[in-house]
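**Student:** Contents are compact mmCIF, C-alpha atoms and all ligand atoms; file name query32.txt:
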```
# COMPACT_ATOMS: atom_id res chain seq x y z
CA ALA A 1122 -31.43 -117.68 54.50
CA SER A 1123 -29.81 -115.99 57.51
CA VAL A 1124 -27.11 -114.57 55.21
CA ASN A 1125 -29.94 -112.82 53.37
CA HIS A 1126 -31.25 -111.20 56.56
CA PHE A 1127 -33.99 -113.64 57.53
CA GLN A 1128 -34.38 -114.67 61.15
CA VAL A 1129 -34.12 -118.47 61.01
CA GLN A 1130 -35.22 -121.08 63.53
CA LEU A 1131 -33.87 -124.48 62.57
CA GLN A 1132 -35.83 -127.30 64.18
CA ASP A 1133 -35.15 -131.05 64.12
CA ILE A 1134 -36.20 -133.83 66.51
CA SER A 1135 -32.58 -135.00 66.62
CA THR A 1136 -29.98 -132.93 68.52
CA LYS A 1137 -27.31 -134.77 66.58
CA ALA A 1138 -28.80 -133.54 63.29
CA LEU A 1139 -28.86 -129.97 64.66
CA GLU A 1140 -25.21 -130.19 65.76
CA LYS A 1141 -24.25 -131.57 62.37
CA ALA A 1142 -26.15 -128.77 60.61
CA GLU A 1143 -24.48 -126.12 62.76
CA ALA A 1144 -21.00 -127.55 62.13
CA TYR A 1145 -21.70 -127.73 58.39
CA MET A 1146 -22.96 -124.13 58.24
CA LYS A 1147 -19.93 -122.92 60.21
CA ALA A 1148 -17.53 -124.72 57.86
CA GLU A 1149 -19.31 -123.42 54.73
CA MET A 1150 -19.41 -119.84 56.06
CA LYS A 1151 -15.72 -120.02 56.94
CA LYS A 1152 -14.99 -121.03 53.36
CA ALA A 1153 -17.20 -118.18 52.09
CA VAL A 1154 -15.21 -115.67 54.17
CA GLU A 1155 -11.90 -117.09 52.96
CA ARG A 1156 -13.12 -116.79 49.37
CA ARG A 1157 -14.46 -113.27 50.06
CA PHE A 1158 -18.10 -114.04 49.30
CA LEU A 1159 -18.86 -112.90 52.86
CA THR A 1160 -17.12 -110.56 55.29
CA ALA A 1161 -16.21 -111.78 58.78
CA GLU A 1162 -18.87 -109.41 60.19
CA GLU A 1163 -21.56 -110.79 57.89
CA GLU A 1164 -20.62 -114.28 59.04
CA ILE A 1165 -21.07 -113.33 62.71
CA GLU A 1166 -24.31 -111.42 62.05
CA SER A 1167 -25.71 -114.32 60.02
CA PHE A 1168 -25.05 -116.70 62.90
CA HIS A 1169 -26.83 -114.37 65.31
CA ARG A 1170 -29.93 -114.69 63.12
CA ILE A 1171 -30.12 -118.50 63.43
CA THR A 1172 -31.31 -120.47 66.42
CA PHE A 1173 -31.28 -124.24 66.72
CA THR A 1174 -34.01 -126.01 68.62
CA THR A 1175 -35.76 -129.35 69.02
CA SER A 1176 -39.03 -127.64 69.98
CA MET A 1177 -41.44 -127.07 67.10
CA GLU A 1178 -43.53 -124.70 69.25
CA GLU A 1179 -40.50 -122.52 69.93
CA ALA A 1180 -39.42 -122.57 66.29
CA VAL A 1181 -42.72 -121.55 64.70
CA ARG A 1182 -44.35 -119.35 67.36
CA GLU A 1183 -43.64 -116.14 65.44
CA ALA A 1184 -42.89 -117.55 61.99
CA ASP A 1185 -44.16 -115.90 58.81
CA LEU A 1186 -43.01 -118.87 56.74
CA VAL A 1187 -42.24 -122.49 57.71
CA ILE A 1188 -40.31 -124.72 55.30
CA GLU A 1189 -40.76 -128.39 56.21
CA ALA A 1190 -37.93 -130.73 55.14
CA VAL A 1191 -38.56 -134.04 56.92
CA LEU A 1192 -38.14 -137.39 55.15
CA GLU A 1193 -40.02 -137.95 51.91
CA LYS A 1194 -42.95 -139.76 53.58
CA MET A 1195 -46.49 -138.50 53.01
CA ASP A 1196 -47.81 -139.63 56.42
CA LEU A 1197 -45.03 -137.82 58.24
CA LYS A 1198 -45.44 -134.65 56.19
CA ILE A 1199 -49.20 -134.64 56.88
CA GLU A 1200 -48.60 -135.16 60.61
CA ILE A 1201 -46.17 -132.22 60.67
CA PHE A 1202 -48.49 -129.95 58.67
CA LYS A 1203 -51.45 -130.73 60.96
CA LYS A 1204 -49.37 -129.79 63.98
CA LEU A 1205 -48.01 -126.67 62.28
CA ASP A 1206 -51.53 -125.62 61.35
CA GLU A 1207 -52.52 -125.83 65.03
CA ILE A 1208 -49.60 -123.95 66.51
CA CYS A 1209 -48.59 -121.37 63.88
CA PRO A 1210 -50.05 -117.87 63.74
CA GLU A 1211 -52.97 -117.52 61.32
CA HIS A 1212 -50.98 -115.67 58.68
CA THR A 1213 -48.10 -118.22 58.52
CA ILE A 1214 -47.38 -119.76 55.14
CA LEU A 1215 -46.64 -123.50 55.30
CA ALA A 1216 -44.22 -124.69 52.63
CA THR A 1217 -42.92 -128.18 51.96
CA ASN A 1218 -39.50 -128.92 50.47
CA THR A 1219 -40.82 -132.19 49.04
CA SER A 1220 -39.03 -133.33 45.88
CA THR A 1221 -41.97 -135.21 44.40
CA MET A 1222 -45.13 -135.25 46.52
CA SER A 1223 -48.44 -133.45 46.27
CA PRO A 1224 -48.66 -130.14 48.15
CA THR A 1225 -52.45 -130.33 47.59
CA GLU A 1226 -52.70 -133.61 49.49
CA ILE A 1227 -50.66 -132.20 52.39
CA ALA A 1228 -52.57 -128.88 52.38
CA ALA A 1229 -55.96 -130.63 52.42
CA GLN A 1230 -55.27 -131.82 55.98
CA THR A 1231 -54.91 -128.24 57.24
CA SER A 1232 -57.41 -125.43 57.76
CA ARG A 1233 -55.38 -123.16 55.45
CA PRO A 1234 -54.88 -124.83 52.04
CA ASP A 1235 -54.65 -121.36 50.46
CA LYS A 1236 -51.50 -120.72 52.53
CA CYS A 1237 -49.79 -124.01 51.65
CA ILE A 1238 -47.24 -124.39 48.85
CA ALA A 1239 -44.11 -126.34 47.89
CA MET A 1240 -40.71 -124.65 47.76
CA HIS A 1241 -38.28 -127.20 46.35
CA PHE A 1242 -34.63 -126.38 47.05
CA PHE A 1243 -31.62 -128.24 45.64
CA ASN A 1244 -28.55 -129.73 47.22
CA PRO A 1245 -26.40 -127.95 48.36
CA PRO A 1246 -29.06 -125.26 48.92
CA HIS A 1247 -26.66 -122.36 49.52
CA LYS A 1248 -24.97 -122.98 46.17
CA MET A 1249 -27.79 -124.11 43.90
CA LYS A 1250 -29.55 -121.24 42.16
CA LEU A 1251 -33.05 -122.67 41.67
CA VAL A 1252 -36.12 -122.90 43.85
CA GLU A 1253 -38.97 -124.70 42.13
CA ILE A 1254 -42.24 -123.25 43.43
CA ILE A 1255 -45.21 -125.57 43.13
CA ARG A 1256 -48.76 -124.39 43.47
CA GLY A 1257 -51.25 -126.78 45.02
CA LEU A 1258 -54.85 -126.75 43.79
CA ASN A 1259 -55.92 -124.16 46.38
CA THR A 1260 -52.72 -122.15 46.80
CA SER A 1261 -53.61 -118.44 46.62
CA ASP A 1262 -51.86 -115.97 44.32
CA GLU A 1263 -50.80 -114.06 47.43
CA THR A 1264 -49.08 -117.14 48.90
CA TYR A 1265 -47.34 -117.86 45.61
CA GLU A 1266 -46.11 -114.27 45.39
CA SER A 1267 -44.80 -114.34 48.99
CA ALA A 1268 -42.89 -117.59 48.32
CA ARG A 1269 -41.44 -116.12 45.15
CA GLN A 1270 -40.33 -112.96 46.96
CA VAL A 1271 -38.70 -114.94 49.77
CA ALA A 1272 -36.76 -116.99 47.21
CA GLU A 1273 -35.74 -113.79 45.44
CA GLN A 1274 -34.48 -112.31 48.72
CA MET A 1275 -32.44 -115.50 49.13
CA LYS A 1276 -30.96 -114.58 45.71
CA LYS A 1277 -32.51 -117.58 44.00
CA GLU A 1278 -34.08 -117.98 40.59
CA THR A 1279 -37.57 -119.46 40.59
CA VAL A 1280 -39.82 -121.39 38.26
CA GLU A 1281 -43.59 -121.66 38.66
CA VAL A 1282 -44.91 -125.19 38.41
CA ASN A 1283 -48.44 -126.55 38.57
CA GLU A 1284 -48.64 -129.63 40.72
CA PHE A 1285 -47.91 -132.98 39.11
CA PRO A 1286 -45.79 -135.79 40.64
CA GLY A 1287 -42.08 -134.98 40.59
CA PHE A 1288 -42.72 -131.43 39.29
CA VAL A 1289 -40.19 -130.59 36.53
CA THR A 1290 -36.81 -131.36 38.08
CA SER A 1291 -37.32 -134.56 40.12
CA ARG A 1292 -39.37 -136.21 37.39
CA MET A 1293 -36.51 -135.72 34.95
CA ASN A 1294 -33.65 -136.25 37.40
CA CYS A 1295 -35.02 -139.47 38.91
CA LEU A 1296 -35.48 -140.93 35.44
CA ILE A 1297 -31.92 -140.07 34.34
CA GLY A 1298 -30.51 -141.40 37.62
CA ASN A 1299 -32.53 -144.60 37.41
CA GLU A 1300 -31.37 -145.23 33.83
CA ALA A 1301 -27.75 -144.71 34.90
CA MET A 1302 -28.25 -147.25 37.73
CA ASN A 1303 -29.84 -149.73 35.31
CA MET A 1304 -26.84 -149.34 32.98
CA LEU A 1305 -24.45 -149.94 35.88
CA MET A 1306 -26.42 -153.04 36.92
CA GLU A 1307 -26.37 -154.35 33.34
CA GLY A 1308 -22.58 -153.92 33.20
CA VAL A 1309 -22.72 -151.35 30.37
CA ALA A 1310 -19.90 -149.31 31.95
CA SER A 1311 -18.36 -148.52 35.32
CA ALA A 1312 -19.96 -145.87 37.58
CA ALA A 1313 -17.08 -143.49 36.86
CA ASP A 1314 -17.39 -143.97 33.10
CA ILE A 1315 -21.19 -143.57 33.09
CA ASP A 1316 -20.79 -140.28 34.99
CA LYS A 1317 -17.91 -139.16 32.78
CA ALA A 1318 -19.92 -139.91 29.61
CA ILE A 1319 -22.91 -137.89 30.81
CA LYS A 1320 -20.73 -135.00 31.99
CA LEU A 1321 -18.49 -134.69 28.97
CA GLY A 1322 -20.84 -136.04 26.29
CA LEU A 1323 -24.10 -134.41 27.38
CA ASN A 1324 -22.60 -131.46 29.24
CA HIS A 1325 -24.20 -132.15 32.61
CA PRO A 1326 -22.20 -130.49 35.42
CA MET A 1327 -22.49 -133.62 37.56
CA GLY A 1328 -22.84 -137.32 36.74
CA PRO A 1329 -26.18 -138.95 37.67
CA LEU A 1330 -24.57 -141.49 40.02
CA GLU A 1331 -22.49 -138.97 41.95
CA MET A 1332 -25.60 -136.82 42.18
CA ALA A 1333 -27.64 -139.71 43.63
CA ASP A 1334 -24.86 -140.25 46.20
CA LEU A 1335 -25.08 -136.56 47.15
CA VAL A 1336 -28.89 -136.60 47.44
CA GLY A 1337 -28.78 -139.78 49.57
CA LEU A 1338 -29.82 -143.14 48.12
CA ASP A 1339 -32.62 -143.59 50.70
CA THR A 1340 -34.10 -140.22 49.77
CA ARG A 1341 -33.72 -140.99 46.05
CA LEU A 1342 -35.41 -144.38 46.50
CA ARG A 1343 -38.37 -142.75 48.28
CA ASN A 1344 -38.62 -140.18 45.47
CA ILE A 1345 -38.60 -142.75 42.67
CA GLU A 1346 -40.96 -145.08 44.55
CA TYR A 1347 -43.47 -142.24 44.74
CA LEU A 1348 -43.10 -141.55 41.01
CA TYR A 1349 -43.53 -145.28 40.30
CA GLN A 1350 -46.75 -145.34 42.35
CA THR A 1351 -48.15 -142.20 40.75
CA LEU A 1352 -46.78 -142.18 37.20
CA GLY A 1353 -46.22 -145.87 36.50
CA GLU A 1354 -43.83 -148.38 35.00
CA LYS A 1355 -41.34 -145.94 33.48
CA TYR A 1356 -40.24 -145.05 37.03
CA ARG A 1357 -39.80 -148.59 38.43
CA PRO A 1358 -36.88 -148.25 40.92
CA CYS A 1359 -33.66 -149.91 39.75
CA PRO A 1360 -33.16 -153.09 41.88
CA LEU A 1361 -29.53 -152.09 42.48
CA LEU A 1362 -30.71 -148.91 44.23
CA THR A 1363 -33.09 -150.92 46.42
CA LYS A 1364 -30.30 -153.38 47.26
CA TYR A 1365 -27.87 -150.60 48.24
CA VAL A 1366 -30.45 -148.94 50.49
CA LYS A 1367 -31.24 -152.28 52.19
CA ALA A 1368 -27.51 -152.70 52.85
CA GLY A 1369 -27.31 -149.23 54.45
CA ARG A 1370 -25.22 -148.00 51.55
CA LEU A 1371 -26.80 -144.55 51.36
CA GLY A 1372 -24.27 -142.46 49.44
CA LYS A 1373 -22.02 -139.68 50.68
CA LYS A 1374 -23.72 -139.40 54.09
CA SER A 1375 -23.01 -143.04 54.97
CA GLY A 1376 -19.48 -143.05 53.49
CA VAL A 1377 -20.31 -145.29 50.53
CA GLY A 1378 -22.86 -145.38 47.72
CA PHE A 1379 -21.96 -145.75 44.06
CA TYR A 1380 -18.57 -144.34 45.15
CA ASP A 1381 -16.48 -144.76 48.29
CA TYR A 1382 -16.16 -141.61 50.44
CA SER A 1383 -14.65 -143.27 53.51
CA ASN A 1384 -11.37 -141.39 53.09
CA GLU A 1385 -13.01 -137.98 52.72
CA VAL A 1386 -12.88 -135.80 55.82
CA GLY A 1387 -16.38 -134.74 56.90
CA SER A 1388 -18.16 -137.09 54.50
CA LYS A 1389 -20.18 -138.70 57.29
N1 LIG B 1401 -31.36 -134.67 49.76
C1 LIG B 1401 -31.57 -133.83 48.76
O1 LIG B 1401 -30.70 -133.62 47.89
C2 LIG B 1401 -32.89 -133.09 48.65
C3 LIG B 1401 -33.01 -132.05 47.73
C4 LIG B 1401 -34.22 -131.37 47.64
C5 LIG B 1401 -35.30 -131.73 48.44
N2 LIG B 1401 -35.15 -132.77 49.32
C6 LIG B 1401 -36.33 -133.14 50.14
O2 LIG B 1401 -36.06 -132.71 51.47
C7 LIG B 1401 -36.69 -133.61 52.40
C8 LIG B 1401 -35.63 -134.18 53.35
O3 LIG B 1401 -34.71 -134.98 52.61
P1 LIG B 1401 -33.24 -135.24 53.15
O4 LIG B 1401 -32.48 -135.95 52.15
O5 LIG B 1401 -32.71 -133.98 53.70
O6 LIG B 1401 -33.58 -136.24 54.36
P2 LIG B 1401 -32.66 -136.50 55.66
O7 LIG B 1401 -33.03 -137.85 56.11
O8 LIG B 1401 -31.23 -136.21 55.35
O9 LIG B 1401 -33.13 -135.39 56.72
C9 LIG B 1401 -34.41 -135.40 57.28
C10 LIG B 1401 -34.34 -134.78 58.69
O10 LIG B 1401 -35.68 -134.73 59.21
C11 LIG B 1401 -35.56 -134.95 60.60
N3 LIG B 1401 -36.90 -135.35 61.13
C12 LIG B 1401 -37.49 -136.56 61.05
N4 LIG B 1401 -38.71 -136.51 61.65
C13 LIG B 1401 -38.87 -135.26 62.11
C14 LIG B 1401 -39.90 -134.59 62.82
N5 LIG B 1401 -41.01 -135.22 63.18
N6 LIG B 1401 -39.72 -133.28 63.13
C15 LIG B 1401 -38.58 -132.62 62.78
N7 LIG B 1401 -37.57 -133.20 62.10
C16 LIG B 1401 -37.71 -134.49 61.78
C17 LIG B 1401 -34.52 -136.02 60.75
O11 LIG B 1401 -33.97 -136.06 62.06
C18 LIG B 1401 -33.48 -135.57 59.69
O12 LIG B 1401 -32.50 -134.71 60.25
C19 LIG B 1401 -37.40 -134.68 51.54
O13 LIG B 1401 -38.73 -134.28 51.34
C20 LIG B 1401 -36.61 -134.63 50.24
O14 LIG B 1401 -37.33 -135.11 49.14
C21 LIG B 1401 -33.96 -133.44 49.47
```
Spell out the structure here as structure tokens.
Ligand SMILES: NC(=O)c1ccc[n+]([C@@H]2O[C@H](COP(=O)([O-])OP(=O)(O)OC[C@H]3O[C@@H](n4cnc5c(N)ncnc54)[C@H](O)[C@@H]3O)[C@@H](O)[C@H]2O)c1

**Tutor:**
Amino acid sequence: ASVNHFQVQLQDISTKALEKAEAYMKAEMKKAVERRFLTAEEEIESFHRITFTTSMEEAVREADLVIEAVLEKMDLKIEIFKKLDEICPEHTILATNTSTMSPTEIAAQTSRPDKCIAMHFFNPPHKMKLVEIIRGLNTSDETYESARQVAEQMKKETVEVNEFPGFVTSRMNCLIGNEAMNMLMEGVASAADIDKAIKLGLNHPMGPLEMADLVGLDTRLRNIEYLYQTLGEKYRPCPLLTKYVKAGRLGKKSGVGFYDYSNEVGSK
């Protein structure tokens, strides 16, 4: 967002997470300069527009838009939205980056459901073109239009979605991923061959197992568990996914998931 001239306050409760985010952004911007997507001046200016903080009050004091991206847990999201509602200026739009959950349910706990919405980004957010914008039951047209314009200024494409669990993308993606995991568990083919078949046979740019590793298997499990609770049997989480998460095998971020990343620099 800072590359597209927004002033950004990045807040996390963990200083380690903030340091990791800063290092990642620096490395990605360096690559962008080397590949001439950005000039060296734009890189410096972009960095001047971001601040990193552990204080929510400091981060949102003057915010026009807040995008929440904490773990996929409804209780936590509601707790954060209640606090944001108390401390943000009256005009602030509160958006959630949830992949599956109900923006209406989160918004109902605030005094401004008309100013609440979901803006669902994709990993890695600076490369992926889409932002799925999900209207809650009471989201106003004005809030929707502001979210759409912000996404446009970030040079993203948008789709308008009416709330239903998993929206368009996660509902489809979780199902494909879960089926791939079931096939792996049943011994139908190796992880590499399942991914290769889907990439070359169905023309997906990424295999479903490598994508799950990129998303994080803990995050994926929370997403599919929510779809299972809300949409039923079709979304029952693959037991292999549950087993991996219990073992701390969380995908790229932990060094191993369906694939081993322990030899990749910066994979952790
Ligand atoms: N991982 C993906 O590919 C992806 C893609 C699109 C959307 N999402 C959604 O984004 C959200 C985050 O997922 P993730 O995979 O990035 O999770 P993550 O575990 O990688 O990151 C969550 C961050 O939230 C921080 N956090 C926890 N409690 C907090 C609090 N009270 N205040 C501030 N920060 C807090 C944690 O320290 C951590 O850095 C979820 O809703 C998920 O569904 C994830």

**Student:** Which protein, DNA or RNA residues are at most 12 Å from (-23.4, -138.4, 42.4) in the file's coordinates when you count all atoms listed in the file, listed as a PDB file with C-alpha atoms, in the frame of the given file?

**Tutor:**
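And here is the file that came out, result-v1.pdb:
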```pdb
ATOM      1  CA  ASN A1244     -28.550-129.730  47.220  1.00  0.00           C
ATOM      2  CA  ASN A1294     -33.650-136.250  37.400  1.00  0.00           C
ATOM      3  CA  ILE A1297     -31.920-140.070  34.340  1.00  0.00           C
ATOM      4  CA  GLY A1298     -30.510-141.400  37.620  1.00  0.00           C
ATOM      5  CA  ALA A1301     -27.750-144.710  34.900  1.00  0.00           C
ATOM      6  CA  MET A1302     -28.250-147.250  37.730  1.00  0.00           C
ATOM      7  CA  ALA A1312     -19.960-145.870  37.580  1.00  0.00           C
ATOM      8  CA  ALA A1313     -17.080-143.490  36.860  1.00  0.00           C
ATOM      9  CA  ILE A1315     -21.190-143.570  33.090  1.00  0.00           C
ATOM     10  CA  ASP A1316     -20.790-140.280  34.990  1.00  0.00           C
ATOM     11  CA  LYS A1317     -17.910-139.160  32.780  1.00  0.00           C
ATOM     12  CA  ILE A1319     -22.910-137.890  30.810  1.00  0.00           C
ATOM     13  CA  LYS A1320     -20.730-135.000  31.990  1.00  0.00           C
ATOM     14  CA  HIS A1325     -24.200-132.150  32.610  1.00  0.00           C
ATOM     15  CA  PRO A1326     -22.200-130.490  35.420  1.00  0.00           C
ATOM     16  CA  MET A1327     -22.490-133.620  37.560  1.00  0.00           C
ATOM     17  CA  GLY A1328     -22.840-137.320  36.740  1.00  0.00           C
ATOM     18  CA  PRO A1329     -26.180-138.950  37.670  1.00  0.00           C
ATOM     19  CA  LEU A1330     -24.570-141.490  40.020  1.00  0.00           C
ATOM     20  CA  GLU A1331     -22.490-138.970  41.950  1.00  0.00           C
ATOM     21  CA  MET A1332     -25.600-136.820  42.180  1.00  0.00           C
ATOM     22  CA  ALA A1333     -27.640-139.710  43.630  1.00  0.00           C
ATOM     23  CA  ASP A1334     -24.860-140.250  46.200  1.00  0.00           C
ATOM     24  CA  LEU A1335     -25.080-136.560  47.150  1.00  0.00           C
ATOM     25  CA  VAL A1336     -28.890-136.600  47.440  1.00  0.00           C
ATOM     26  CA  GLY A1337     -28.780-139.780  49.570  1.00  0.00           C
ATOM     27  CA  LEU A1338     -29.820-143.140  48.120  1.00  0.00           C
ATOM     28  CA  ARG A1341     -33.720-140.990  46.050  1.00  0.00           C
ATOM     29  CA  LEU A1371     -26.800-144.550  51.360  1.00  0.00           C
ATOM     30  CA  GLY A1372     -24.270-142.460  49.440  1.00  0.00           C
ATOM     31  CA  LYS A1373     -22.020-139.680  50.680  1.00  0.00           C
ATOM     32  CA  LYS A1374     -23.720-139.400  54.090  1.00  0.00           C
ATOM     33  CA  VAL A1377     -20.310-145.290  50.530  1.00  0.00           C
ATOM     34  CA  GLY A1378     -22.860-145.380  47.720  1.00  0.00           C
ATOM     35  CA  PHE A1379     -21.960-145.750  44.060  1.00  0.00           C
ATOM     36  CA  TYR A1380     -18.570-144.340  45.150  1.00  0.00           C
ATOM     37  CA  ASP A1381     -16.480-144.760  48.290  1.00  0.00           C
ATOM     38  CA  TYR A1382     -16.160-141.610  50.440  1.00  0.00           C
TER      39      TYR A1382
END
```

**Student:** Taking only C-alpha atoms and all ligand atoms into account, which residues have an atom no farther than 7 Å from ligand LIG 1401 (chain B)? I'd like them as an MDAnalysis selection string.

**Tutor:** chainID A and resid 1132:1135 1138 1190:1193 1197 1201 1218:1221 1241:1244 1335:1337 1340 1344

**Student:** For Ala1216 in chain A, work out the shell of residues within 10 Å, counting only C-alpha atoms and skipping chain neighbours fewer than 2 positions away, then give it as number ranges by chain.

**Tutor:** A: 1186-1190, 1202, 1213-1214, 1218-1219, 1224, 1227-1228, 1236-1241, 1254-1255, 1264, 1268

**Student:** Skip Lys1203 in chain A itself and residues of its chain fewer than 2 positions away, then list as an MDAnalysis selection string all residues within 9 Å of it, counting only C-alpha atoms.

**Tutor:** chainID A and resid 1198:1201 1205:1208 1227:1228 1230:1232

**Student:** Can you pull out the residues contacting range 1273-1281 of chain A? Cut-off 7 Å, using all atoms listed in the file, and skip same-chain residues under 4 positions away; I want them as a PyMOL selection string.

**Tutor:** chain A and resi 1122+1125+1250-1255+1269

**Student:** Could you list, with a cut-off of 12 Å and counting only C-alpha atoms, the residues of range 1201-1299 of chain A near range 1148-1165 of chain A, each shown with its nearest atom pair and the distance in Å rounded to one decimal, rows sorted by chain and ascending number, as CSV?

**Tutor:**
```
residue,atom,partner,partner_atom,distance
A:Pro1245,CA,A:Glu1149,CA,10.6
A:Pro1246,CA,A:Glu1149,CA,11.5
A:His1247,CA,A:Glu1149,CA,9.1
A:Lys1248,CA,A:Glu1149,CA,10.3
```

**Student:** Looking at only C-alpha atoms, which of A:Tyr1265, A:Ser1383, A:Asn1324, A:Leu1348 is the one that sits closest to Met1293 in chain A?

**Tutor:**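 Smallest distance to Met1293 in chain A is found for A:Leu1348.
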
**Student:** How big is the axis-aligned box around all listed atoms of range 1218-1227 of chain A once 6 Å goes on each side, and where's its centre, in Å to one decimal, as lines of an AutoDock Vina configuration file?

**Tutor:**
```
center_x = -45.9
center_y = -132.1
center_z = 48.4
size_x = 25.7
size_y = 18.3
size_z = 20.0
```

**Student:** Skipping near chain neighbours, those fewer than 6 positions away, what residues fall within 12 Å of Ile1171 in chain A using all atoms listed in the file, listed as a list in words?

**Tutor:**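 Contacts, with the query itself left out: Ala1122, Ser1123, Val1124, Asn1125, His1126, Phe1127, Gln1128, Val1129, Gln1130, Leu1131, Gln1132, Leu1139, Ala1142, Glu1143, Met1146, Lys1147, Glu1164, Ile1165 and Ala1180 of chain A.
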
**Student:** So, counting only C-alpha atoms, which residue among A:Val1271, A:Val1309, A:Lys1194, A:Glu1140 is closest to Thr1172 in chain A?

**Tutor:**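 With only C-alpha atoms as the atom set, the closest residue is A:Glu1140.
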
**Student:** Using all atoms listed in the file for the distances, tell me which of A:Ala1310, A:Met1177, A:Ala1272, A:Met1222 is nearest to Thr1351 in chain A.

**Tutor:**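 Going through A:Ala1310, A:Met1177, A:Ala1272, A:Met1222 one by one, the smallest distance to Thr1351 in chain A is for A:Met1222.
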
**Student:** How far is it from CA of Ser1223 in chain A to CA of Gly1257 in chain A, in Å with one decimal?

**Tutor:**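 For CA of Ser1223 in chain A relative to CA of Gly1257 in chain A, the distance reads 7.3 Å.
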
**Student:** Report, in Å to a single decimal, how far apart CA of Glu1211 in chain A and CA of Glu1226 in chain A are.

**Tutor:**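 According to the coordinates, CA of Glu1226 in chain A and CA of Glu1211 in chain A are separated by 20.0 Å.
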
**Student:** How would range 1359-1376 of chain A look with N, CA and C atoms restored, written as a JSON list (two decimals), in the coordinates of the input?

**Tutor:**
```json
[["chain", "number", "residue", "atom", "x", "y", "z"],
["A", 1359, "CYS", "N", -34.70, -148.95, 40.13],
["A", 1359, "CYS", "CA", -33.66, -149.91, 39.75],
["A", 1359, "CYS", "C", -33.38, -150.83, 40.95],
["A", 1360, "PRO", "N", -33.39, -152.17, 40.76],
["A", 1360, "PRO", "CA", -33.16, -153.09, 41.88],
["A", 1360, "PRO", "C", -31.82, -152.86, 42.59],
["A", 1361, "LEU", "N", -30.83, -152.35, 41.85],
["A", 1361, "LEU", "CA", -29.53, -152.09, 42.48],
["A", 1361, "LEU", "C", -29.66, -150.99, 43.55],
["A", 1362, "LEU", "N", -30.48, -149.99, 43.27],
["A", 1362, "LEU", "CA", -30.71, -148.91, 44.23],
["A", 1362, "LEU", "C", -31.38, -149.48, 45.49],
["A", 1363, "THR", "N", -32.39, -150.31, 45.29],
["A", 1363, "THR", "CA", -33.09, -150.92, 46.42],
["A", 1363, "THR", "C", -32.12, -151.75, 47.26],
["A", 1364, "LYS", "N", -31.27, -152.51, 46.56],
["A", 1364, "LYS", "CA", -30.30, -153.38, 47.26],
["A", 1364, "LYS", "C", -29.33, -152.54, 48.09],
["A", 1365, "TYR", "N", -28.81, -151.47, 47.51],
["A", 1365, "TYR", "CA", -27.87, -150.60, 48.24],
["A", 1365, "TYR", "C", -28.53, -150.00, 49.49],
["A", 1366, "VAL", "N", -29.77, -149.56, 49.34],
["A", 1366, "VAL", "CA", -30.45, -148.94, 50.49],
["A", 1366, "VAL", "C", -30.66, -149.98, 51.59],
["A", 1367, "LYS", "N", -31.04, -151.20, 51.20],
["A", 1367, "LYS", "CA", -31.24, -152.28, 52.19],
["A", 1367, "LYS", "C", -29.95, -152.57, 52.94],
["A", 1368, "ALA", "N", -28.81, -152.42, 52.23],
["A", 1368, "ALA", "CA", -27.51, -152.70, 52.85],
["A", 1368, "ALA", "C", -27.00, -151.52, 53.69],
["A", 1369, "GLY", "N", -27.75, -150.42, 53.71],
["A", 1369, "GLY", "CA", -27.31, -149.23, 54.45],
["A", 1369, "GLY", "C", -26.27, -148.42, 53.69],
["A", 1370, "ARG", "N", -26.17, -148.71, 52.41],
["A", 1370, "ARG", "CA", -25.22, -148.00, 51.55],
["A", 1370, "ARG", "C", -25.96, -146.80, 50.96],
["A", 1371, "LEU", "N", -25.88, -145.65, 51.65],
["A", 1371, "LEU", "CA", -26.80, -144.55, 51.36],
["A", 1371, "LEU", "C", -26.16, -143.38, 50.61],
["A", 1372, "GLY", "N", -24.92, -143.56, 50.15],
["A", 1372, "GLY", "CA", -24.27, -142.46, 49.44],
["A", 1372, "GLY", "C", -23.30, -141.72, 50.33],
["A", 1373, "LYS", "N", -23.05, -140.47, 50.01],
["A", 1373, "LYS", "CA", -22.02, -139.68, 50.68],
["A", 1373, "LYS", "C", -22.21, -139.67, 52.21],
["A", 1374, "LYS", "N", -23.48, -139.53, 52.64],
["A", 1374, "LYS", "CA", -23.72, -139.40, 54.09],
["A", 1374, "LYS", "C", -23.35, -140.66, 54.88],
["A", 1375, "SER", "N", -23.37, -141.83, 54.24],
["A", 1375, "SER", "CA", -23.01, -143.04, 54.97],
["A", 1375, "SER", "C", -21.57, -143.48, 54.68],
["A", 1376, "GLY", "N", -20.88, -142.73, 53.80],
["A", 1376, "GLY", "CA", -19.48, -143.05, 53.49],
["A", 1376, "GLY", "C", -19.31, -143.88, 52.23]]
```
